[in-house]
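Text of start_21.txt, listed as compact mmCIF, C-alpha atoms:
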# COMPACT_ATOMS: atom_id res chain seq x y z
CA MET I 106 4.62 -63.81 14.17
CA LYS I 107 7.36 -61.31 15.02
CA LYS I 108 8.45 -61.26 11.39
CA ILE I 109 4.88 -60.57 10.29
CA TYR I 110 4.57 -57.69 12.78
CA LYS I 111 7.88 -56.24 11.57
CA ALA I 112 6.77 -56.49 7.95
CA ILE I 113 3.47 -54.73 8.75
CA ALA I 114 5.34 -51.98 10.62
CA VAL I 115 7.72 -51.46 7.70
CA LEU I 116 4.79 -51.25 5.29
CA LEU I 117 3.06 -48.68 7.47
CA VAL I 118 6.21 -46.56 7.63
CA VAL I 119 6.62 -46.74 3.84
CA VAL I 120 2.98 -45.74 3.29
CA MET I 121 3.31 -42.81 5.69
CA MET I 122 6.50 -41.64 4.01
CA CYS I 123 4.87 -41.84 0.58
CA THR I 124 1.90 -39.75 1.74
CA VAL I 125 3.92 -37.15 3.66
CA LEU I 126 6.79 -36.50 1.26
CA PRO I 127 4.70 -35.37 -1.73
CA MET I 128 2.82 -32.92 0.52
CA ASN I 129 6.04 -31.37 1.74
CA ALA I 130 7.53 -31.21 -1.74
CA TYR I 131 4.40 -29.75 -3.36
CA ALA I 132 4.48 -26.23 -4.73
CA ALA I 133 1.67 -24.47 -6.55
CA SER I 134 1.91 -23.64 -10.25
CA VAL I 135 1.45 -20.19 -11.75
CA GLY I 136 -2.08 -21.01 -12.91
CA GLU I 137 -3.06 -22.40 -9.51
CA MET I 138 -1.86 -19.25 -7.75
CA GLN I 139 -3.64 -16.94 -10.19
CA ASN I 140 -6.88 -18.90 -9.82
CA GLU I 141 -6.61 -18.99 -6.02
CA VAL I 142 -6.09 -15.23 -5.78
CA LEU I 143 -9.21 -14.59 -7.89
CA ASP I 144 -11.22 -17.27 -6.10
CA VAL I 145 -10.47 -15.55 -2.80
CA ALA I 146 -11.36 -12.15 -4.29
CA ASN I 147 -14.64 -13.34 -5.86
CA ASP I 148 -15.68 -14.95 -2.57
CA GLU I 149 -15.49 -11.46 -1.03
CA VAL I 150 -17.81 -9.85 -3.60
CA GLY I 151 -20.74 -8.31 -1.72
CA TYR I 152 -18.78 -7.60 1.46
CA LYS I 153 -19.83 -4.21 2.83
CA GLY I 154 -17.76 -1.92 5.00
CA THR I 155 -17.54 1.85 4.89
CA SER I 156 -15.39 4.16 2.80
CA SER I 157 -12.81 4.26 5.61
CA TYR I 158 -13.33 1.01 7.57
CA CYS I 159 -13.20 -2.69 6.67
CA LYS I 160 -12.07 -6.08 7.98
CA TYR I 161 -9.07 -5.97 5.63
CA GLY I 162 -7.87 -2.88 7.48
CA GLU I 163 -8.09 -4.84 10.74
CA TRP I 164 -5.71 -7.39 9.21
CA TYR I 165 -3.33 -4.78 7.82
CA GLY I 166 -3.40 -2.47 10.83
CA TYR I 167 -4.59 0.66 9.03
CA GLN I 168 -8.08 2.03 8.44
CA GLY I 169 -8.71 4.38 5.55
CA GLY I 170 -9.14 3.98 1.79
CA TRP I 171 -8.92 0.20 1.45
CA CYS I 172 -8.73 -0.73 -2.25
CA THR I 173 -5.00 -1.49 -1.87
CA THR I 174 -5.53 -3.27 1.45
CA PHE I 175 -8.10 -5.56 -0.18
CA VAL I 176 -5.64 -6.57 -2.94
CA LEU I 177 -2.85 -7.32 -0.43
CA TRP I 178 -5.27 -9.30 1.76
CA CYS I 179 -6.29 -11.48 -1.21
CA PHE I 180 -2.66 -12.38 -1.99
CA ASN I 181 -1.93 -13.13 1.66
CA LYS I 182 -5.05 -15.32 2.01
CA ALA I 183 -4.36 -17.17 -1.24
CA GLY I 184 -0.78 -17.77 -0.16
CA GLU I 185 -1.94 -19.22 3.15
CA ASN I 186 -4.39 -21.52 1.34
CA LEU I 187 -1.68 -22.83 -1.02
CA GLY I 188 1.21 -22.76 1.42
CA VAL I 189 3.12 -20.32 -0.80
CA ALA I 190 4.59 -16.98 0.31
CA MET I 191 3.10 -14.43 -2.10
CA TYR I 192 2.48 -11.42 0.15
CA LYS I 193 5.62 -9.24 0.36
CA LYS I 194 7.17 -11.38 -2.39
CA ILE I 195 5.21 -10.70 -5.57
CA VAL I 196 3.18 -7.80 -4.12
CA PRO I 197 4.53 -5.06 -1.84
CA SER I 198 3.98 -5.12 1.90
CA GLY I 199 1.81 -2.00 1.82
CA GLY I 200 1.38 1.47 0.40
CA ASN I 201 -1.12 3.16 -1.88
CA CYS I 202 -1.74 2.98 -5.62
CA ASN I 203 1.18 5.16 -6.69
CA SER I 204 3.69 3.49 -4.38
CA MET I 205 2.53 0.11 -5.72
CA ILE I 206 3.13 1.34 -9.27
CA SER I 207 6.63 2.47 -8.24
CA TRP I 208 7.26 -0.96 -6.66
CA TYR I 209 6.43 -2.72 -9.94
CA LYS I 210 8.30 -0.16 -12.03
CA ASN I 211 11.48 -0.83 -10.05
CA ARG I 212 11.13 -4.49 -11.04
CA ASP I 213 10.26 -3.78 -14.70
CA ARG I 214 6.83 -5.33 -14.19
CA TYR I 215 4.54 -2.33 -14.75
CA TYR I 216 2.87 -1.74 -18.13
CA THR I 217 0.83 1.28 -19.19
CA THR I 218 -2.24 0.88 -21.39
CA SER I 219 -0.35 2.53 -24.26
CA SER I 220 2.38 -0.14 -24.14
CA GLY I 221 0.13 -2.69 -25.84
CA TYR I 222 0.33 -5.16 -22.95
CA THR I 223 -2.54 -7.64 -22.74
CA PRO I 224 -3.60 -8.02 -19.09
CA LYS I 225 -3.77 -11.49 -17.57
CA ARG I 226 -5.76 -13.09 -14.80
CA GLY I 227 -4.25 -12.14 -11.45
CA ASP I 228 -2.68 -8.84 -12.60
CA LEU I 229 -3.16 -5.66 -10.61
CA ILE I 230 -5.10 -2.99 -12.51
CA PHE I 231 -4.64 0.72 -11.71
CA PHE I 232 -7.12 3.52 -12.48
CA ASP I 233 -6.81 7.28 -12.96
CA TRP I 234 -10.28 8.69 -12.26
CA SER I 235 -9.27 12.37 -12.36
CA GLY I 236 -7.09 12.23 -15.48
CA ASN I 237 -4.13 13.95 -13.79
CA GLY I 238 -1.67 11.10 -14.34
CA SER I 239 -1.96 9.85 -10.76
CA SER I 240 -3.67 6.62 -9.75
CA GLN I 241 -6.49 6.70 -7.20
CA HIS I 242 -7.79 3.13 -7.34
CA VAL I 243 -6.56 -0.44 -7.80
CA GLY I 244 -8.21 -3.82 -8.32
CA LEU I 245 -7.56 -7.32 -9.66
CA VAL I 246 -7.99 -8.50 -13.26
CA ASP I 247 -10.43 -11.43 -13.29
CA TYR I 248 -10.44 -12.19 -17.02
CA ILE I 249 -10.44 -10.57 -20.47
CA ASP I 250 -13.05 -10.96 -23.20
CA GLY I 251 -11.96 -9.11 -26.33
CA SER I 252 -11.56 -5.47 -25.36
CA THR I 253 -13.67 -5.89 -22.20
CA VAL I 254 -11.81 -6.16 -18.89
CA TYR I 255 -13.51 -7.87 -15.94
CA THR I 256 -12.24 -7.00 -12.46
CA VAL I 257 -12.78 -7.50 -8.73
CA GLU I 258 -12.24 -4.35 -6.66
CA GLY I 259 -12.42 -3.30 -3.04
CA ASN I 260 -13.83 -0.08 -1.57
CA CYS I 261 -16.29 0.62 -4.38
CA SER I 262 -18.56 2.90 -2.35
CA GLY I 263 -17.61 0.85 0.70
CA LYS I 264 -18.20 -2.55 -0.97
CA VAL I 265 -16.32 -5.30 -2.81
CA LYS I 266 -17.67 -5.40 -6.36
CA ALA I 267 -17.15 -7.27 -9.63
CA ARG I 268 -16.97 -4.80 -12.50
CA LYS I 269 -16.43 -4.73 -16.25
CA TYR I 270 -14.80 -2.02 -18.37
CA THR I 271 -15.73 -1.52 -22.02
CA THR I 272 -14.94 0.99 -24.76
CA THR I 273 -18.59 2.12 -24.74
CA GLY I 274 -18.94 2.65 -20.99
CA SER I 275 -20.49 6.03 -20.24
CA LYS I 276 -18.91 6.50 -16.80
CA PRO I 277 -15.28 6.36 -15.58
CA TYR I 278 -15.90 3.23 -13.52
CA ASN I 279 -17.02 1.19 -16.55
CA ASN I 280 -14.92 2.67 -19.40
CA VAL I 281 -11.48 1.34 -20.34
CA SER I 282 -10.23 4.91 -20.74
CA ALA I 283 -9.98 5.12 -16.93
CA ILE I 284 -7.42 2.28 -16.84
CA MET I 285 -3.93 3.65 -16.23
CA GLY I 286 -1.81 0.49 -16.32
CA TYR I 287 -1.11 -2.98 -14.95
CA GLY I 288 1.22 -4.37 -12.28
CA VAL I 289 2.28 -7.93 -13.11
CA PRO I 290 3.20 -10.12 -10.10
CA ASP I 291 6.09 -12.51 -10.76
CA TYR I 292 4.19 -15.70 -9.95
CA SER I 293 6.91 -17.88 -11.51
CA SER I 294 9.44 -16.74 -8.88
CA VAL I 295 7.49 -18.56 -6.16
CA ALA I 296 5.80 -21.23 -8.31
CA LYS I 297 6.56 -24.89 -8.90
CA GLY I 298 9.50 -25.23 -11.26
CA GLY I 299 10.38 -21.55 -10.91
CA PRO I 300 13.70 -20.15 -9.73
CA SER I 301 12.83 -20.95 -6.13
CA LYS I 302 15.51 -23.30 -4.76
CA PRO I 303 16.69 -21.46 -1.69
CA ALA I 304 18.42 -24.48 -0.19
CA THR I 305 20.71 -25.11 -3.14
CA THR I 306 21.45 -21.46 -3.72
CA LYS I 307 22.27 -20.96 -0.07
CA LYS I 308 24.62 -23.91 -0.16
CA ALA I 309 26.32 -22.47 -3.19
CA THR I 310 26.83 -19.18 -1.43
CA THR I 311 28.18 -20.87 1.68
CA ILE I 312 30.64 -22.82 -0.45
CA LYS I 313 31.77 -19.58 -2.01
CA LYS I 314 32.20 -18.17 1.46
CA HIS I 315 34.36 -21.13 2.41
CA THR I 316 36.49 -20.62 -0.66
CA THR I 317 36.93 -17.00 0.29
CA THR I 318 37.99 -18.07 3.76
CA LYS I 319 40.48 -20.39 2.12
CA LYS I 320 41.77 -17.42 0.22
CA VAL I 321 42.08 -15.66 3.53
CA THR I 322 44.14 -18.55 4.79
CA THR I 323 46.31 -18.24 1.69
CA THR I 324 46.95 -14.69 2.82
CA LYS I 325 49.61 -16.21 4.98
CA LYS I 326 51.90 -14.13 2.95
CA VAL I 327 53.97 -14.02 6.10
CA THR I 328 55.84 -16.92 4.57
CA ALA I 329 56.22 -14.81 1.48
CA THR I 330 57.47 -12.02 3.70
CA LYS I 331 60.03 -14.42 5.06
CA LYS I 332 61.31 -14.83 1.56
CA VAL I 333 61.29 -11.10 1.27
CA THR I 334 63.43 -10.94 4.39
CA THR I 335 66.00 -13.02 2.60
CA THR I 336 65.98 -10.43 -0.16
CA LYS I 337 66.11 -7.76 2.50
CA LYS I 338 69.40 -9.27 3.55
CA VAL I 339 70.83 -7.88 0.40
CA THR I 340 69.33 -4.51 1.03
CA ALA I 341 70.49 -4.68 4.61
CA GLY I 342 73.98 -5.52 3.33
CA LYS I 343 73.87 -2.41 1.19
CA THR I 344 73.01 -0.21 4.14
CA THR I 345 75.85 0.84 6.43
CA THR I 346 73.62 0.84 9.47
CA ALA I 347 73.10 -2.88 9.24
CA LYS I 348 76.81 -3.56 9.13
CA VAL I 349 77.75 -1.21 11.95
CA THR I 350 75.08 -2.17 14.45
CA THR I 351 75.58 -5.91 14.92
CA ALA I 352 77.35 -8.85 13.44
CA LYS I 353 74.44 -11.16 14.21
CA PRO I 354 72.48 -11.55 11.04
CA SER I 355 69.96 -13.79 12.75
CA THR I 356 68.81 -11.00 15.04
CA GLN I 357 68.51 -8.65 12.09
CA LYS I 358 66.35 -11.19 10.31
CA VAL I 359 64.09 -11.47 13.32
CA THR I 360 63.70 -7.74 13.64
CA THR I 361 62.78 -7.38 9.98
CA THR I 362 60.21 -10.17 10.19
CA GLU I 363 58.80 -8.66 13.36
CA ALA I 364 58.45 -5.33 11.59
CA THR I 365 56.68 -6.91 8.66
CA THR I 366 54.32 -8.86 10.92
CA ALA I 367 53.63 -5.73 12.95
CA SER I 368 52.80 -3.79 9.78
CA ALA I 369 50.58 -6.67 8.63
CA THR I 370 48.69 -6.70 11.92
CA THR I 371 48.22 -2.94 11.82
CA LYS I 372 46.90 -3.21 8.28
CA LYS I 373 44.49 -5.95 9.39
CA GLN I 374 43.30 -3.78 12.27
CA GLU I 375 42.76 -0.84 9.93
CA THR I 376 40.79 -2.95 7.47
CA SER I 377 38.72 -4.45 10.31
CA THR I 378 37.91 -1.00 11.69
CA LYS I 379 36.98 0.17 8.19
CA LYS I 380 34.68 -2.83 7.79
CA LYS I 381 33.09 -2.13 11.17
CA LYS I 382 32.47 1.47 10.16
CA GLU I 383 30.98 0.34 6.85
CA LYS I 384 28.72 -2.11 8.69
CA THR I 385 27.50 0.58 11.05
CA LYS I 386 26.85 2.90 8.12
CA ASN I 387 24.84 0.34 6.13
CA VAL I 388 22.47 -0.90 8.86
CA PRO I 389 19.17 -1.81 7.17
CA ALA I 390 16.01 -0.16 8.47
CA GLN I 391 13.67 -2.46 10.39
CA ASP I 392 10.79 -0.09 11.08
CA MET I 393 9.63 3.47 10.43
CA GLU I 394 7.30 5.90 12.21
CA LEU I 395 5.72 9.06 10.79
CA TYR I 396 5.02 12.30 12.61
CA ALA I 397 3.31 15.60 11.74
CA SER I 398 2.13 18.51 13.86
CA THR I 399 -1.38 18.26 12.36
CA THR I 400 -3.31 16.30 9.72
CA GLU I 401 -6.17 18.82 9.33
CA LEU I 402 -5.25 21.62 6.94
CA GLU I 403 -6.86 24.49 5.10
CA VAL I 404 -6.13 25.28 1.46
CA GLY I 405 -2.76 27.04 1.35
CA ASP I 406 -1.44 25.52 4.59
CA SER I 407 1.64 23.35 4.71
CA VAL I 408 3.11 20.96 7.26
CA GLU I 409 6.18 18.75 7.44
CA LEU I 410 5.59 14.98 7.38
CA GLY I 411 8.71 13.58 8.99
CA TYR I 412 9.87 10.07 9.81
CA THR I 413 12.17 8.18 12.17
CA LEU I 414 13.89 4.90 11.34
CA GLU I 415 14.60 2.02 13.65
CA PRO I 416 17.34 1.34 14.59
CA LEU I 417 18.45 4.95 14.93
CA ASN I 418 21.66 4.43 12.92
CA ALA I 419 19.79 2.83 10.01
CA THR I 420 19.92 4.24 6.50
CA ALA I 421 17.19 4.02 3.86
CA VAL I 422 16.07 5.40 0.53
CA VAL I 423 12.78 7.16 1.33
CA GLY I 424 10.05 8.12 -1.13
CA TYR I 425 6.73 9.98 -0.75
CA PHE I 426 3.56 9.08 -2.68
CA CYS I 427 0.03 10.52 -2.80
CA ASP I 428 -3.13 9.20 -4.50
CA GLU I 429 -4.85 12.59 -4.82
CA GLU I 430 -2.39 15.14 -6.17
CA GLY I 431 -5.22 17.64 -6.61
CA ILE I 432 -5.58 17.77 -2.82
CA ILE I 433 -2.02 17.36 -1.56
CA GLN I 434 1.21 18.51 -3.17
CA ILE I 435 4.42 16.95 -1.83
CA GLU I 436 7.42 19.27 -1.77
CA LYS I 437 11.07 18.46 -1.07
CA GLY I 438 11.92 17.14 2.38
CA GLY I 439 8.42 15.77 2.97
CA GLU I 440 6.66 19.13 3.12
CA ILE I 441 2.91 18.62 2.61
CA LYS I 442 1.09 21.50 0.94
CA ALA I 443 -2.72 21.67 0.83
CA ILE I 444 -3.98 22.78 -2.60
CA GLY I 445 -7.57 21.46 -2.76
CA GLU I 446 -10.47 20.28 -0.62
CA GLY I 447 -10.86 16.62 0.32
CA THR I 448 -9.02 13.78 2.01
CA ALA I 449 -5.76 12.38 0.63
CA THR I 450 -3.53 9.52 1.75
CA VAL I 451 0.22 10.12 1.79
CA VAL I 452 2.47 7.04 1.87
CA VAL I 453 6.12 7.09 2.92
CA CYS I 454 8.22 4.16 1.69
CA ALA I 455 11.66 3.14 2.99
CA ASN I 456 13.92 0.93 0.83
CA ASP I 457 10.87 -0.17 -1.18
CA GLU I 458 10.01 -2.52 1.72
CA ILE I 459 8.57 -0.57 4.67
CA TYR I 460 5.35 1.38 4.06
CA ARG I 461 3.64 3.80 6.43
CA GLN I 462 0.75 6.09 5.54
CA CYS I 463 -1.07 9.12 6.88
CA ASP I 464 -4.39 10.73 5.92
CA PHE I 465 -4.67 14.52 5.52
CA THR I 466 -8.02 16.35 5.47
CA VAL I 467 -8.09 19.67 3.64
CA THR I 468 -10.93 22.21 3.98
CA SER I 469 -11.53 25.63 2.41
CA THR I 470 -10.99 28.95 4.18
CA THR I 471 -13.87 30.10 6.39
CA ALA I 472 -14.38 33.67 5.05
CA ASP I 473 -15.55 34.23 1.48
CA VAL I 474 -16.58 37.90 1.38
CA THR I 475 -15.09 40.75 3.43
CA ARG I 476 -16.22 44.36 3.07
CA GLN I 477 -15.62 47.54 4.96
CA LYS I 478 -18.37 50.07 5.61
CA THR I 479 -17.70 53.58 6.89
CA VAL I 480 -20.51 55.33 8.82
CA ASN I 481 -19.64 58.50 10.86
CA ASP I 482 -15.90 57.60 10.86
CA TYR I 483 -16.78 54.15 12.15
CA VAL I 484 -15.20 51.24 10.27
CA GLU I 485 -17.21 48.08 10.38
CA GLU I 486 -15.85 44.79 9.07
CA LEU I 487 -18.51 42.52 7.70
CA THR I 488 -17.54 38.91 7.02
CA THR I 489 -20.06 36.56 5.56
CA SER I 490 -19.84 32.99 4.36
CA THR I 491 -22.62 31.44 2.36
CA GLN I 492 -21.20 27.99 3.05
CA ASN I 493 -21.46 28.50 6.80
CA VAL I 494 -25.05 29.78 6.44
CA ASP I 495 -26.01 26.71 4.44
CA LYS I 496 -24.39 24.48 7.01
CA THR I 497 -26.30 26.08 9.88
CA LYS I 498 -29.59 25.61 7.96
CA GLU I 499 -28.81 21.97 7.40
CA GLN I 500 -27.86 21.54 11.04
CA LYS I 501 -31.11 23.14 12.21
CA LEU I 502 -33.19 20.98 9.86
CA ASN I 503 -31.33 17.86 11.00
CA GLU I 504 -32.07 18.75 14.60
CA ILE I 505 -35.82 18.61 13.94
CA GLY I 506 -35.49 15.39 11.98
CA ILE I 507 -35.45 16.69 8.38
CA ASN I 508 -32.63 15.45 6.15
CA LEU I 509 -32.17 18.22 3.58
CA GLN I 510 -29.69 16.25 1.49
CA ARG I 511 -32.07 13.32 1.18
CA LEU I 512 -34.87 15.66 0.15
CA LYS I 513 -32.62 17.16 -2.54
CA ASN I 514 -31.70 13.73 -3.85
CA ASN I 515 -35.37 12.68 -4.04
CA ASP I 516 -36.96 15.89 -5.24
CA GLU I 517 -38.89 14.00 -7.95
CA TYR I 518 -41.07 12.52 -5.22
CA TYR I 519 -42.21 15.87 -3.85
CA TYR I 520 -45.53 15.70 -5.77
CA ILE I 521 -46.64 12.58 -3.85
CA PRO I 522 -47.50 14.32 -0.53
CA PHE I 523 -49.10 17.21 -2.43
CA VAL I 524 -51.30 14.82 -4.43
CA ILE I 525 -52.30 12.95 -1.28
CA GLY I 526 -53.04 16.17 0.59
CA GLY I 527 -54.95 17.71 -2.30
CA SER I 528 -57.03 14.61 -2.89
CA THR I 529 -57.99 14.40 0.78
CA VAL I 530 -59.08 18.06 0.73
CA VAL I 531 -61.19 17.53 -2.42
CA ILE I 532 -62.78 14.39 -0.99
CA GLY I 533 -63.55 16.25 2.25
CA LEU I 534 -65.19 19.12 0.38
CA ILE I 535 -67.31 16.75 -1.71
CA ALA I 536 -68.39 14.87 1.41
CA PHE I 537 -69.27 18.15 3.13
CA ALA I 538 -71.36 19.28 0.12
CA ILE I 539 -73.22 15.95 -0.07
CA ARG I 540 -73.93 16.03 3.63
CA LYS I 541 -75.22 19.60 3.44
CA ALA I 542 -77.52 18.70 0.50
CA LEU I 543 -78.93 15.72 2.38
CA ASN I 544 -79.61 17.86 5.42
CA LYS I 545 -81.58 20.37 3.27
CA LYS I 546 -83.70 17.58 1.76
CA LYS I 547 -84.45 16.25 5.21
CA GLU I 548 -85.49 19.67 6.43
CA LYS I 549 -87.90 20.07 3.47
CA LYS I 550 -89.48 16.66 4.21
CA ASP I 551 -89.97 17.56 7.85
CA LYS I 552 -91.72 20.80 6.91
CA LYS I 553 -94.11 19.00 4.50
CA GLU I 554 -94.98 16.37 7.10
CA LYS I 555 -95.78 19.08 9.65
CA GLN I 556 -98.04 20.86 7.21

Would you write out, as structure tokens, the structure that this file holds?
Amino acid sequence: MKKIYKAIAVLLVVVMMCTVLPMNAYAASVGEMQNEVLDVANDEVGYKGTSSYCKYGEWYGYQGGWCTTFVLWCFNKAGENLGVAMYKKIVPSGGNCNSMISWYKNRDRYYTTSSGYTPKRGDLIFFDWSGNGSSQHVGLVDYIDGSTVYTVEGNCSGKVKARKYTTTGSKPYNNVSAIMGYGVPDYSSVAKGGPSKPATTKKATTIKKHTTTKKVTTTKKVTATKKVTTTKKVTAGKTTTAKVTTAKPSTQKVTTTEATTASATTKKQETSTKKKKEKTKNVPAQDMELYASTTELEVGDSVELGYTLEPLNATAVVGYFCDEEGIIQIEKGGEIKAIGEGTATVVVCANDEIYRQCDFTVTSTTADVTRQKTVNDYVEELTTSTQNVDKTKEQKLNEIGINLQRLKNNDEYYYIPFVIGGSTVVIGLIAFAIRKALNKKKEKKDKKEKQ
């Protein structure tokens, strides 16, 4: 019986090993990852947030324009479902449309529409709505049918939508002419069978490190210096000082070796201090914070958007990006200049890894017309603004419950209340006339009956 129990236990262990090992060794293929990313994205179609708030911003830790946040969320969710690290690997950790384009350009994985590249399922698609060469929107390529491109995009009027772009589309958001280019994630780098063998590569590097340490051990050129000391005997014999000082060659040998060892140690100390300095100079940045005196500007204003790196002695290559160049112009040193009305997101990137962003709101100047009027040597400055007058009218109408903007948008329905009101008046008049005629007839009857 004991043998039977042992055999059953061994079988159970074998079965468990067979079921567990394949799960641990499994890695998703390129096609599986592409499909999972789009499955996650399509499941979100219909989600409604606002133009500046969504659940994807809660995940990312930033609320604002969220088309980029939606794309990053899809890759992170798909990676969690498949057990594959895609977020921060084949897509950046953050940023806006233009910083994403820069991220893919640095990896030679960005293609413009003029390059002839055929987009694939799971590519990032970038749009230029304004035609100024700057991208303001990003989505995911779902599939291609001839010249028609089908996408899934976030923050389309505050919603996640599935769209298609054709050559005959009448509007920017359904015409292929609005497409600026494509960012191609390197799925194969994290896929099954791809160049993703970190264990073996790490071992190879450690072996190389050991060989280098062996080379360091071979730097026991102190023995070689001992041989040199034997040659230095000859040189010492040539010098008169060596002959005059002592007749003990052994002590002279020791002093020469001590000098060589001392020089070797000093050289080692110098190299070690140099290495320490180099290490302190090349400390990688771990985090970054942005600061500005204000984020609300008027056209013509400028403000410095600065940053601090953590740790304080860290170094980084920093770049500035903006989605709406018609609103914000970025000068040297991170100076932000307001050139147009609207809201623009500025992203600061450190070492192509750390992304932080800030929203700037730009409004127009308050005074439009200024005139001077002289009456009896009295100078009167008159400043008027039609925009402010309109705003006060709208505010007053809103206070009494009338939405002027909604009335403007639905002006074709103005005739309905007039028709209803006019018809009620006509019906009332007809009823009044009929009633009056009936009363006259009744009066006539009464008179006849009396007679």

Note to self: Let me make sure I understand: among I:Lys555, I:Arg540, I:Lys297, I:Lys442, which one has the smallest atom-to-atom distance to I:Leu187 if we use all atoms listed in the file?
What the structure shows: I:Lys297

Can you pull out the residues contacting stretch 219-230 of chain I? Cut-off 7 Å, using all atoms listed in the file, and skip same-chain residues under 4 positions away; I want them as a PDB file with C-alpha atoms, in the coordinates of the input.
ATOM      1  CA  GLN I 139      -3.640 -16.940 -10.190  1.00  0.00           C
ATOM      2  CA  VAL I 142      -6.090 -15.230  -5.780  1.00  0.00           C
ATOM      3  CA  LEU I 143      -9.210 -14.590  -7.890  1.00  0.00           C
ATOM      4  CA  VAL I 243      -6.560  -0.440  -7.800  1.00  0.00           C
ATOM      5  CA  GLY I 244      -8.210  -3.820  -8.320  1.00  0.00           C
ATOM      6  CA  LEU I 245      -7.560  -7.320  -9.660  1.00  0.00           C
ATOM      7  CA  VAL I 246      -7.990  -8.500 -13.260  1.00  0.00           C
ATOM      8  CA  ASP I 247     -10.430 -11.430 -13.290  1.00  0.00           C
ATOM      9  CA  TYR I 248     -10.440 -12.190 -17.020  1.00  0.00           C
ATOM     10  CA  GLY I 286      -1.810   0.490 -16.320  1.00  0.00           C
ATOM     11  CA  TYR I 287      -1.110  -2.980 -14.950  1.00  0.00           C
ATOM     12  CA  GLY I 288       1.220  -4.370 -12.280  1.00  0.00           C
ATOM     13  CA  VAL I 289       2.280  -7.930 -13.110  1.00  0.00           C
ATOM     14  CA  PRO I 290       3.200 -10.120 -10.100  1.00  0.00           C
TER      15      PRO I 290
END

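Distance check against I:Glu440 using only C-alpha atoms: of I:Cys463, I:Val189, I:Thr468, I:Glu409, the minimum falls on I:Glu409.
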
Checklist line | Nearest residue to I:Val388 from the set I:Gly445, I:Asp406, I:Lys541, I:Asn456 (distances using all atoms listed in the file) | finding: I:Asn456

Notebook entry, point to check: For I:Val452, which of I:Ser294, I:Ser134, I:Ser157, I:Ser207 is the closest residue, counting all atoms listed in the file?
Noted result: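 The shortest atom-to-atom distance to I:Val452 comes from I:Ser207.
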
Check: What would the list of residues within 6 Å of (-0.5, 22.7, 10.9) (file frame) look like as a VMD selection string, if all atoms listed in the file are what count?
Finding: chain I and resid 398 to 399 408

Would you be able to write out as an mmCIF file with C-alpha atoms, in the frame of the given file which residues have an atom within 8 Å of (-8.1, 29.9, 1.0) in the file's coordinates, counting all atoms listed in the file?
data_model
loop_
_atom_site.group_PDB
_atom_site.id
_atom_site.type_symbol
_atom_site.label_atom_id
_atom_site.label_comp_id
_atom_site.auth_asym_id
_atom_site.auth_seq_id
_atom_site.Cartn_x
_atom_site.Cartn_y
_atom_site.Cartn_z
ATOM 1 C CA GLU I 403 -6.860 24.490 5.100
ATOM 2 C CA VAL I 404 -6.130 25.280 1.460
ATOM 3 C CA GLY I 405 -2.760 27.040 1.350
ATOM 4 C CA SER I 469 -11.530 25.630 2.410
ATOM 5 C CA THR I 470 -10.990 28.950 4.180
ATOM 6 C CA THR I 471 -13.870 30.100 6.390
#

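For the choices I:Lys193, I:Lys182, I:Lys153, I:His242, the atom-to-atom distance to I:Tyr460 is smallest for I:Lys193 when using only C-alpha atoms.
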
Check: Could you pull the residues within 6 Å of I:Gly263, counting all atoms listed in the file, minus those fewer than 4 positions along the same chain, as a PyMOL selection string?
Finding: chain I and resi 153-156

Next item on the list: May I have the residues within 9 Å of I:Thr448 as a count of residues only, using all atoms listed in the file and disregarding those fewer than 3 positions away in the same chain?
Entry: 8

Notebook entry, point to check: Within 8 Å of I:Phe175, counting only C-alpha atoms, which residues qualify if same-chain residues fewer than 2 places away don't, as a ChimeraX atom specification?
Noted result: /I:161,171-173,177-179,258-259

Margin query: Report, in Å to a single decimal, how far apart atom CA of I:Gly188 and atom CA of I:Met138 are.
Written below: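 These two atoms are separated by 10.3 Å.
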